[in-house]
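All remarks here apply to the structure that follows.
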Amino acid sequence: MSGIEKLNHVAVVVADIEAALAFWRDALGLELAGVKDMPEQKSRIAFLPLGGSELELVQPTDPDSGIAKNLAKRGPGMHHLCLEVRDLDATIGRLKGKGIRLTSEAPMTAADGRRMIFVHPESTGGVLLELYEGGEFAETP
Ligand code: CO
């Protein structure tokens with residue numbers, strides 16, 4: 001009854017997408033669907049679909065972005081998990097009611113119009129958690 005039914009993606013922060021693909025695509029054998037510049041996220045992202053979810057390799061493109069600072073401070077590696085949520089407002093309300101810390105007061109809107117918010121690692125046991133509204137169950141005809 002949580003309205004959370006799917007792992008949407010796992011994001012790994014990398015310094016260099018092409019170098020990272022030498023492992024994830026070339027050695028491991030995952031399929032690369034594409035690499036997109038995401039100026040609003042100050043990054044380039046490689047999308048590697050996997051069983052209805054996705055692995056995302058995120059390369060910062062602006063040294064002042066949060067993700068670039070994260071890379072400089074902690075090095076490459078796991079950045080966040082993203083779960084797909086049926087009703088983001090309801091989920092946010094439930095979390096706020098339990099005193100869970102979110103990284104922003106209101107959801108952000110992605111380039112594709114979908115909304116997301118991040119739960120602070122302080123409230124999750126060390127995992128930055130993205131909650132993303134969307135997926136086939138949320139699409140309107
Ligand atoms: Co994400």
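As shown in the structure tokens, the chain order sets the letters A, B, ...; within each chain, residues go from 1, and ligands are also counted from 1 in the order they appear.
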
**Request:** Please report, as a PyMOL selection string, each residue of chain A to which DSSP assigns helix (DSSP H, G or I) when run on this structure's backbone.
**Result:** chain A and resi 17-27+39-41+66-74+88-97+121-124+136-138

Selection export as a CSV table (one decimal), in the first residue's frame, atoms kept: N, CA and C atoms:
```
chain,number,residue,atom,x,y,z
A,17,ILE,N,32.6,9.3,-18.1
A,17,ILE,CA,31.7,8.3,-18.5
A,17,ILE,C,32.3,7.3,-19.4
A,18,GLU,N,33.1,7.7,-20.4
A,18,GLU,CA,33.8,6.8,-21.3
A,18,GLU,C,34.7,5.8,-20.6
A,19,ALA,N,35.4,6.3,-19.6
A,19,ALA,CA,36.2,5.4,-18.8
A,19,ALA,C,35.4,4.4,-18.0
A,20,ALA,N,34.3,4.8,-17.5
A,20,ALA,CA,33.4,4.0,-16.7
A,20,ALA,C,32.7,2.9,-17.6
A,21,LEU,N,32.4,3.3,-18.8
A,21,LEU,CA,31.8,2.3,-19.8
A,21,LEU,C,32.8,1.2,-20.1
A,22,ALA,N,34.1,1.4,-19.9
A,22,ALA,CA,35.0,0.3,-20.2
A,22,ALA,C,34.7,-0.9,-19.3
A,23,PHE,N,34.2,-0.6,-18.1
A,23,PHE,CA,33.8,-1.7,-17.2
A,23,PHE,C,32.3,-2.1,-17.5
A,24,TRP,N,31.4,-1.1,-17.3
A,24,TRP,CA,30.0,-1.5,-17.2
A,24,TRP,C,29.4,-2.0,-18.6
A,25,ARG,N,29.9,-1.4,-19.7
A,25,ARG,CA,29.4,-1.9,-21.0
A,25,ARG,C,30.4,-2.9,-21.6
A,26,ASP,N,31.7,-2.6,-21.6
A,26,ASP,CA,32.6,-3.4,-22.4
A,26,ASP,C,33.0,-4.7,-21.7
A,27,ALA,N,33.3,-4.6,-20.4
A,27,ALA,CA,33.7,-5.8,-19.7
A,27,ALA,C,32.5,-6.5,-19.1
A,39,PRO,N,21.8,19.6,-18.8
A,39,PRO,CA,22.3,20.8,-18.2
A,39,PRO,C,21.6,21.3,-16.9
A,40,GLU,N,20.3,21.0,-16.8
A,40,GLU,CA,19.6,21.4,-15.6
A,40,GLU,C,20.1,20.6,-14.4
A,41,GLN,N,20.7,19.4,-14.6
A,41,GLN,CA,21.3,18.7,-13.5
A,41,GLN,C,22.8,18.8,-13.5
A,66,GLY,N,26.4,20.2,-6.8
A,66,GLY,CA,26.5,19.3,-5.7
A,66,GLY,C,27.1,18.0,-6.0
A,67,ILE,N,26.8,17.5,-7.2
A,67,ILE,CA,27.3,16.1,-7.5
A,67,ILE,C,28.8,16.2,-7.8
A,68,ALA,N,29.3,17.3,-8.3
A,68,ALA,CA,30.8,17.5,-8.5
A,68,ALA,C,31.5,17.6,-7.2
A,69,LYS,N,30.9,18.3,-6.2
A,69,LYS,CA,31.5,18.4,-4.9
A,69,LYS,C,31.5,17.0,-4.2
A,70,ASN,N,30.4,16.3,-4.4
A,70,ASN,CA,30.3,14.9,-3.9
A,70,ASN,C,31.5,14.1,-4.4
A,71,LEU,N,31.7,14.2,-5.7
A,71,LEU,CA,32.8,13.4,-6.4
A,71,LEU,C,34.1,13.8,-5.9
A,72,ALA,N,34.3,15.1,-5.7
A,72,ALA,CA,35.6,15.6,-5.2
A,72,ALA,C,35.9,15.2,-3.8
A,73,LYS,N,34.8,15.1,-3.0
A,73,LYS,CA,35.0,14.8,-1.6
A,73,LYS,C,35.1,13.3,-1.3
A,74,ARG,N,34.2,12.6,-2.0
A,74,ARG,CA,34.1,11.1,-1.6
A,74,ARG,C,34.6,10.2,-2.7
A,88,LEU,N,3.5,11.2,-5.4
A,88,LEU,CA,4.6,11.8,-4.8
A,88,LEU,C,4.1,12.7,-3.6
A,89,ASP,N,3.0,13.5,-3.8
A,89,ASP,CA,2.6,14.3,-2.8
A,89,ASP,C,2.1,13.6,-1.5
A,90,ALA,N,1.5,12.5,-1.8
A,90,ALA,CA,1.0,11.6,-0.6
A,90,ALA,C,2.2,11.1,0.1
A,91,THR,N,3.2,10.6,-0.7
A,91,THR,CA,4.5,10.1,0.0
A,91,THR,C,5.2,11.1,0.8
A,92,ILE,N,5.3,12.3,0.2
A,92,ILE,CA,6.0,13.4,0.9
A,92,ILE,C,5.2,13.8,2.2
A,93,GLY,N,3.9,13.8,2.1
A,93,GLY,CA,3.1,14.1,3.3
A,93,GLY,C,3.4,13.1,4.4
A,94,ARG,N,3.4,11.8,4.0
A,94,ARG,CA,3.6,10.7,4.9
A,94,ARG,C,5.0,10.8,5.6
A,95,LEU,N,6.0,11.1,4.8
A,95,LEU,CA,7.4,11.2,5.3
A,95,LEU,C,7.5,12.4,6.2
A,96,LYS,N,7.0,13.5,5.8
A,96,LYS,CA,7.1,14.7,6.6
A,96,LYS,C,6.4,14.5,8.0
A,97,GLY,N,5.3,13.8,7.9
A,97,GLY,CA,4.5,13.5,9.1
A,97,GLY,C,5.3,12.6,10.1
A,121,PRO,N,20.2,11.5,3.4
A,121,PRO,CA,20.8,10.3,3.9
A,121,PRO,C,20.8,10.2,5.4
A,122,GLU,N,20.6,11.3,6.1
A,122,GLU,CA,20.5,11.3,7.5
A,122,GLU,C,19.3,10.6,8.0
A,123,SER,N,18.2,10.5,7.2
A,123,SER,CA,17.0,9.9,7.6
A,123,SER,C,16.9,8.4,7.0
A,124,THR,N,17.8,8.0,6.2
A,124,THR,CA,17.7,6.7,5.6
A,124,THR,C,18.8,5.7,6.0
A,136,GLU,N,4.9,3.5,-15.9
A,136,GLU,CA,3.7,3.2,-16.8
A,136,GLU,C,2.4,3.3,-16.0
A,137,PHE,N,2.5,3.0,-14.7
A,137,PHE,CA,1.2,3.1,-13.9
A,137,PHE,C,0.7,4.5,-13.7
A,138,ALA,N,1.6,5.5,-13.9
A,138,ALA,CA,1.2,6.8,-13.6
A,138,ALA,C,0.9,7.6,-14.9
```

**Message:** Could you list, as a list in words, all protein and nucleic acid residues with an atom at most 10 Å from ligand 1, counting only C-alpha atoms and all ligand atoms?
**Reply:**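 Taking only C-alpha atoms and all ligand atoms into account, the residues around ligand 1 at most 10 Å away are Asn8, His9, Val10, Ala11, Val12, Gln41, Ile45, Glu54, Leu55, Glu56, Leu57, Val58, His79, His80, Leu81, Cys82, Leu83, Met116, Ile117, Phe118, Leu128, Leu129, Glu130, Leu131 and Tyr132 of chain A.
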
Please produce a file of the residues just selected, as a short mmCIF file (atom, residue, chain, number, x, y, z; two decimals), in the first residue's frame, where the atoms kept are C-alpha atoms.
```cif
data_model
loop_
_atom_site.label_atom_id
_atom_site.label_comp_id
_atom_site.auth_asym_id
_atom_site.auth_seq_id
_atom_site.Cartn_x
_atom_site.Cartn_y
_atom_site.Cartn_z
CA ASN A 8 13.67 3.06 -11.12
CA HIS A 9 17.42 3.46 -11.21
CA VAL A 10 20.68 3.29 -9.33
CA ALA A 11 23.01 6.21 -9.96
CA VAL A 12 26.78 5.90 -9.80
CA GLN A 41 21.30 18.66 -13.53
CA ILE A 45 24.25 10.72 -17.79
CA GLU A 54 18.36 1.34 -15.08
CA LEU A 55 21.92 1.91 -14.08
CA GLU A 56 22.87 5.56 -14.55
CA LEU A 57 26.47 6.72 -14.76
CA VAL A 58 26.51 10.38 -13.79
CA HIS A 79 25.38 8.14 -5.46
CA HIS A 80 21.70 7.40 -5.00
CA LEU A 81 18.87 4.93 -5.38
CA CYS A 82 15.67 5.98 -7.07
CA LEU A 83 12.31 4.44 -6.29
CA MET A 116 11.05 14.07 -7.88
CA ILE A 117 12.39 14.76 -4.44
CA PHE A 118 15.38 13.48 -2.47
CA LEU A 128 20.59 9.34 -0.70
CA LEU A 129 17.15 8.31 -1.92
CA GLU A 130 15.36 9.79 -4.92
CA LEU A 131 11.59 9.43 -5.09
CA TYR A 132 10.35 9.82 -8.61
#
```

**Between atom CA of A:Asp112 and atom CA of A:Glu133, distance in Å (one decimal)** = 11.3 Å

**Request:** Could you tell me how far atom CA of A:Thr109 lies from atom CA of A:Leu30, in Å and to one decimal?
**Result:** 28.7 Å

**Message:** I'd like the interatomic distance between atom CA of A:Gly52 and atom CA of A:Leu102, to a tenth of an Å.
**Reply:**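 Atom-to-atom, atom CA of A:Gly52 and atom CA of A:Leu102 are spaced 26.4 Å apart.
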